[in-house]
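What follows is a set of notes on a single structure, which appears directly below.
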Amino acid sequence: MVRMSRRGFVGSVAVGAAAATLVGEAGAAACAATPSLLDDRMATPAAWDAFLATQDLLWTRTPTNWFDGPFLGNGLLGALVYQPGGTGPVRVLLGHTEVQDHRPEFGPLFGLCRLPVGHLDLQTAGTVTAVNWRLSLWNAELTGTVTTTKGTIGLSLFVHDRRPVLVATLTPDAGEAGAALTFVPEPAVSPRSWTAS
């Protein structure tokens, strides 16, 4: 075992840091002198604007699981759009980061976990047969249509960027004139409770 004094240790760290700085400066100069292998096209905000405006995500098949559907959110309120199991109504699953259990005596895993909020169900006259959705990354908005056996419903969803507010607009045709979103609350039970048994 090699023993080193505190002064020797601090001195060796200082020498190592100085050497790394010199190598870093020389490396940076060498990189500046040679052309970059990385074609950085995102050097300006305008470049990012143009890129995001062309990067829309499309859904032409109905997502049947929450992890396959479009996600909207602002860091507080989140919304996932899908049709559970491919049957029944299209669902907008809602979650909020501030909706949590307040029982620290049960530990952070169970006593402070996030709790479910609820979901919106799209009530339609007919059975959902198809969707055509576009998630614009630039506008952070889901737009498109839901087609049923009775007609078509135009859909627009976005979460406000500074407030926990979901804005939903439905534009049904005559066959789906009564289409509406209905809120269904979830019980305030920890989703982790099933692991406790």
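We label chains A, B, ... in the order they appear in the structure tokens, count residues from 1 in each chain, and number ligands from 1 in the order shown.
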
### Message
List as a ChimeraX atom specification the protein and nucleic acid residues near His102 in chain A, meaning an atom at most 9 Å away when only C-alpha atoms are counted, but skip any in the same chain fewer than 3 places from it.
### Response
/A:105,111-113

With the cut-off set at 12 Å and counting only C-alpha atoms, tabulate each residue of range 109-183 of chain A with an atom at most that distance from an atom of range 36-51 of chain A, showing the nearest atom pair and its distance in Å to one decimal, ordered by chain and increasing number, as a tab-separated table.
residue	atom	partner	partner_atom	distance
A:Ser136	CA	A:Phe51	CA	11.5
A:Leu137	CA	A:Phe51	CA	9.7
A:Trp138	CA	A:Asp49	CA	7.3
A:Asn139	CA	A:Asp49	CA	10.4

### Message
Which residues are close to range 63-74 of chain A, i.e. within 10 Å by only C-alpha atoms, leaving aside same-chain residues fewer than 2 positions away? Reply as a ChimeraX atom specification.
### Response
/A:57-61,76-87,90-96,131,133-135,137,140-142,157-166
